[in-house]
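So this one's input28.txt, compact mmCIF, C-alpha atoms:
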```
# COMPACT_ATOMS: atom_id res chain seq x y z
CA LYS A 26 27.33 -17.43 21.40
CA ASN A 27 23.65 -16.80 20.70
CA GLY A 28 23.79 -13.44 22.44
CA LEU A 29 26.40 -12.20 19.98
CA LEU A 30 24.38 -13.54 17.06
CA ILE A 31 21.16 -11.91 18.28
CA THR A 32 22.93 -8.62 18.99
CA GLY A 33 24.45 -8.53 15.53
CA LEU A 34 21.20 -9.52 13.84
CA PHE A 35 19.05 -6.95 15.61
CA SER A 36 21.68 -4.23 15.19
CA PHE A 37 21.75 -4.87 11.46
CA ILE A 38 17.94 -4.94 11.16
CA PHE A 39 17.67 -1.73 13.21
CA PHE A 40 20.26 -0.09 10.96
CA ILE A 41 18.35 -1.13 7.82
CA ALA A 42 15.07 0.07 9.34
CA CYS A 43 16.54 3.55 9.83
CA LEU A 44 17.62 3.95 6.21
CA PRO A 45 15.46 6.27 4.09
CA ALA A 46 15.44 3.81 1.16
CA GLN A 47 13.64 0.63 2.13
CA GLU A 48 14.53 -2.27 -0.16
CA PHE A 49 13.95 -5.96 0.52
CA ARG A 50 17.35 -6.85 -0.86
CA LEU A 51 19.01 -4.94 1.98
CA LEU A 52 17.73 -7.59 4.39
CA LEU A 53 19.30 -10.49 2.50
CA PRO A 54 22.50 -10.59 4.64
CA ALA A 55 20.35 -11.03 7.76
CA LEU A 56 18.63 -14.20 6.52
CA PRO A 57 21.59 -16.58 7.05
CA LEU A 58 22.06 -15.19 10.57
CA MET A 59 18.39 -15.78 11.28
CA LEU A 60 18.70 -19.38 10.06
CA LEU A 61 21.74 -19.96 12.27
CA PHE A 62 19.83 -18.63 15.24
CA LEU A 63 16.75 -20.79 14.56
CA TYR A 64 18.58 -24.01 13.66
CA PRO A 65 18.83 -25.47 17.22
CA ALA A 66 15.04 -25.22 17.66
CA TYR A 67 14.54 -26.83 14.26
CA ASP A 68 16.97 -29.61 15.14
CA ARG A 69 15.11 -30.36 18.40
CA LEU A 70 11.82 -30.44 16.48
CA VAL A 71 13.18 -32.94 13.97
CA TYR A 72 14.33 -35.33 16.70
CA LEU A 73 10.78 -35.56 18.04
CA PHE A 74 10.28 -37.98 15.16
CA LYS A 75 11.59 -41.40 16.15
CA SER A 76 12.01 -42.87 12.69
CA ARG A 77 15.18 -41.99 10.79
CA ASN A 78 13.22 -42.04 7.51
CA LEU A 79 10.78 -39.43 8.83
CA ARG A 80 13.66 -37.20 9.96
CA VAL A 81 15.39 -37.48 6.57
CA GLY A 82 12.07 -36.76 4.85
CA LEU A 83 11.53 -33.72 7.07
CA TYR A 84 15.05 -32.46 6.32
CA LEU A 85 14.44 -32.89 2.58
CA PHE A 86 11.07 -31.19 2.78
CA ALA A 87 12.49 -28.29 4.78
CA THR A 88 15.39 -27.93 2.34
CA LEU A 89 13.08 -27.94 -0.69
CA LEU A 90 10.76 -25.47 1.01
CA GLN A 91 13.67 -23.14 1.81
CA VAL A 92 14.99 -23.34 -1.75
CA ALA A 93 11.52 -22.60 -3.13
CA LEU A 94 11.05 -19.64 -0.77
CA CYS A 95 14.52 -18.36 -1.61
CA ILE A 96 13.78 -18.49 -5.34
CA ARG A 97 10.41 -16.82 -4.81
CA SER A 98 11.87 -14.06 -2.66
CA MET A 99 14.78 -13.43 -5.03
CA ALA A 100 12.61 -13.29 -8.16
CA PRO A 101 11.45 -9.66 -7.64
CA VAL A 102 15.02 -8.57 -6.86
CA MET A 103 16.34 -10.23 -10.00
CA GLN A 104 13.50 -8.78 -12.08
CA LEU A 105 14.25 -5.29 -10.73
CA GLN A 106 17.94 -5.71 -11.52
CA GLN A 107 17.12 -6.75 -15.10
CA GLU A 108 14.79 -3.76 -15.43
CA GLU A 109 17.53 -1.43 -14.15
CA LYS A 110 20.02 -2.85 -16.68
CA ILE A 111 17.57 -2.39 -19.57
CA VAL A 112 16.82 1.20 -18.58
CA ALA A 113 20.52 2.03 -18.13
CA SER A 114 21.37 0.48 -21.49
CA ALA A 115 18.67 2.53 -23.23
CA LEU A 116 19.86 5.73 -21.54
CA ARG A 117 23.43 5.23 -22.69
CA MET A 118 22.11 5.75 -26.24
CA SER A 119 19.87 8.72 -25.40
CA GLY A 120 22.49 11.45 -25.59
CA GLU A 121 23.97 13.85 -23.12
CA GLY A 122 22.14 16.19 -20.80
CA ARG A 123 20.70 16.10 -17.35
CA LEU A 124 18.42 13.21 -16.41
CA ILE A 125 15.68 13.76 -13.87
CA THR A 126 14.20 10.59 -12.41
CA PHE A 127 12.44 9.08 -9.44
CA GLU A 128 13.48 5.83 -7.70
CA MET A 129 16.09 4.84 -10.29
CA ASP A 130 19.05 7.14 -9.65
CA GLY A 131 21.21 4.74 -7.64
CA ALA A 132 20.98 2.00 -10.24
CA LEU A 133 21.64 4.43 -13.08
CA ARG A 134 24.81 5.67 -11.42
CA THR A 135 25.87 2.07 -10.76
CA TYR A 136 25.40 1.08 -14.39
CA GLY A 137 27.26 4.16 -15.62
CA VAL A 138 24.79 6.27 -17.58
CA PRO A 139 26.50 9.31 -19.14
CA GLN A 140 23.91 11.84 -17.98
CA GLU A 141 23.99 13.79 -14.74
CA VAL A 142 21.23 12.16 -12.66
CA VAL A 143 18.87 14.18 -10.44
CA ASN A 144 16.61 12.26 -8.07
CA LEU A 145 13.21 13.87 -7.49
CA TRP A 146 13.04 12.24 -4.08
CA PHE A 147 15.97 14.30 -2.78
CA ALA A 148 15.46 17.37 -5.01
CA PRO A 149 11.65 17.59 -5.27
CA ASN A 150 11.59 20.88 -7.21
CA PRO A 151 14.70 21.04 -9.39
CA VAL A 152 15.33 23.89 -11.78
CA LEU A 153 14.32 22.51 -15.15
CA ASN A 154 16.27 23.42 -18.25
CA ALA A 155 15.27 22.95 -21.86
CA GLY A 156 16.81 19.72 -23.07
CA ASP A 157 16.72 17.94 -19.72
CA MET A 158 15.32 14.43 -19.84
CA LEU A 159 12.68 13.03 -17.53
CA LEU A 160 12.61 9.29 -16.83
CA ILE A 161 9.54 8.14 -14.93
CA LYS A 162 7.11 5.30 -14.52
CA PRO A 163 3.78 7.19 -14.70
CA LEU A 164 1.54 4.37 -13.51
CA LYS A 165 3.69 3.72 -10.43
CA LEU A 166 3.86 7.45 -9.66
CA GLU A 167 0.08 7.72 -9.93
CA THR A 168 -0.71 4.65 -7.83
CA GLU A 169 2.03 4.69 -5.18
CA TYR A 170 3.26 8.29 -5.05
CA HIS A 171 0.13 10.28 -5.92
CA GLU A 172 0.85 12.88 -3.22
CA SER A 173 4.54 13.27 -4.01
CA PRO A 174 6.18 16.37 -5.51
CA ALA A 175 7.47 14.16 -8.34
CA TYR A 176 3.93 13.29 -9.44
CA SER A 177 2.82 16.92 -9.14
CA MET A 178 5.75 18.04 -11.29
CA TYR A 179 5.02 15.38 -13.91
CA ILE A 180 1.33 16.37 -14.13
CA ARG A 181 2.21 20.08 -14.28
CA LEU A 182 4.74 19.55 -17.09
CA LYS A 183 2.30 17.36 -18.97
CA GLN A 184 -0.54 19.90 -18.68
CA GLN A 185 1.76 22.72 -19.81
CA GLY A 186 2.81 20.69 -22.85
CA SER A 187 6.44 20.87 -21.76
CA LEU A 188 7.14 17.17 -22.25
CA VAL A 189 8.20 15.67 -25.56
CA TYR A 190 7.77 11.91 -25.52
CA LEU A 191 10.97 10.19 -26.62
CA ARG A 192 10.36 6.51 -26.03
CA SER A 193 9.06 3.74 -23.82
CA ILE A 194 11.91 1.77 -22.31
CA GLY A 195 9.91 -1.16 -21.02
CA ASN A 196 7.96 -2.24 -17.98
CA GLY A 197 6.22 1.13 -17.82
CA TRP A 198 9.30 3.40 -17.89
CA GLU A 199 8.97 6.39 -20.21
CA LEU A 200 11.57 8.88 -21.32
CA TYR A 201 10.66 12.50 -22.08
CA ARG A 202 12.62 15.57 -23.08
CA ILE A 203 11.68 18.89 -21.49
CA ARG A 204 11.03 21.55 -24.09
CA PRO A 205 11.60 25.25 -23.54
```
If you convert what's in this file into structure tokens, what do you get?
Amino acid sequence: KNGLLITGLFSFIFFIACLPAQEFRLLLPALPLMLLFLYPAYDRLVYLFKSRNLRVGLYLFATLLQVALCIRSMAPVMQLQQEEKIVASALRMSGEGRLITFEMDGALRTYGVPQEVVNLWFAPNPVLNAGDMLLIKPLKLETEYHESPAYSMYIRLKQQGSLVYLRSIGNGWELYRIRP
């Protein structure tokens, strides 16, 4: 029984580890399997306490701790989802054209933006046309992806004066239009 559980858990984690996009939320289905696997050891630990009141207290403490950790671990995921919804909502009102972005393409397609979305991660040097829009988070690009082609393209376009600032969408996301 445990062998099947362990095999499934490690197969899933290995599969997630091999994906090019690493997101914490992809590991969420593995957490209940991990808890099932660890429960017998936890149960043996609890019964080291002789008093029923201590065992009940330990169960309550463990439950509260798990709920608190679950809320804390889900908070960034929920915040990212809210951010994605806000950005997608703003883009629905930004007009037609091609949208060039970095790190946000999957969410934008999910939330149904009308623009054709080009991800700079998979197409690092796309052909840029006048009227294309560029959606980026400059601070994140500069701090986390300073060596990436996306950051180099953003700096080059900015230095050439090819970017027309349209608006700030929130949480650092900025929308530009590429001028001819």
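Take CA of Val92 (chain A) and CA of Pro65 (chain A): the distance between them is 19.5 Å.
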Practice item. Could you give me, as a ChimeraX atom specification, the residues within 8 Å of region 30-40 of chain A, counting only C-alpha atoms and dropping anything in the same chain fewer than 4 positions from it? Key: /A:26,44,52,55,58-59,62
Review point. Do you know which residues are at most 10 Å from Lys183 (chain A) counting only C-alpha atoms, after dropping those on the same chain fewer than 6 positions away, and could you put them as a PyMOL selection string?
Key: chain A and resi 177+189+203
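Among the candidates A:Leu133, A:Leu70, A:Ile125, A:Leu164, the residue lying nearest to Leu145 (chain A) is A:Ile125 (atoms considered: all atoms listed in the file).
Each of A:Asn150, A:Tyr67, A:Tyr201, A:Pro45 was compared to Glu128 (chain A) using only C-alpha atoms, and A:Pro45 turns out to be the nearest.
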**Study point:** Residues within 12 Å of Pro101 (chain A), all atoms listed in the file, excluding chain neighbours under 6 positions, as a list in words
**Key:** Glu48, Phe49, Arg50, Cys95, Gln107 and Glu108 of chain A
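Between CA of Gln106 (chain A) and CA of Tyr136 (chain A) the interatomic distance comes to 10.5 Å.
Note that CA of Pro54 (chain A) and CA of Phe86 (chain A) are 23.6 Å apart.
Among A:Ile96, A:Leu56, A:Met158, A:Leu90, the residue with the shortest atom-to-atom distance to Gly120 (chain A), counting all atoms listed in the file, is A:Met158.
If you measure from each of A:Pro151, A:Arg181, A:Lys110, A:Asp157 to Thr135 (chain A) using all atoms listed in the file, the closest one turns out to be A:Lys110.
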Exercise for review: Tell me, as a PyMOL selection string, which residues lie within 12 Å of Leu182 (chain A), counting all atoms listed in the file; anything in the same chain fewer than 4 positions away does not count.
Suggested key: chain A and resi 153+159+175-178+186-190+201-205
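Residue nearest Leu105 (chain A), chosen from A:Asn196, A:Arg69, A:Pro139, A:Phe74 and counting all atoms listed in the file: A:Asn196.
Closest approach to Leu191 (chain A) from the set A:Leu166, A:Met118, A:Met129, A:Leu53 is made by A:Met118, with distances taken over only C-alpha atoms.
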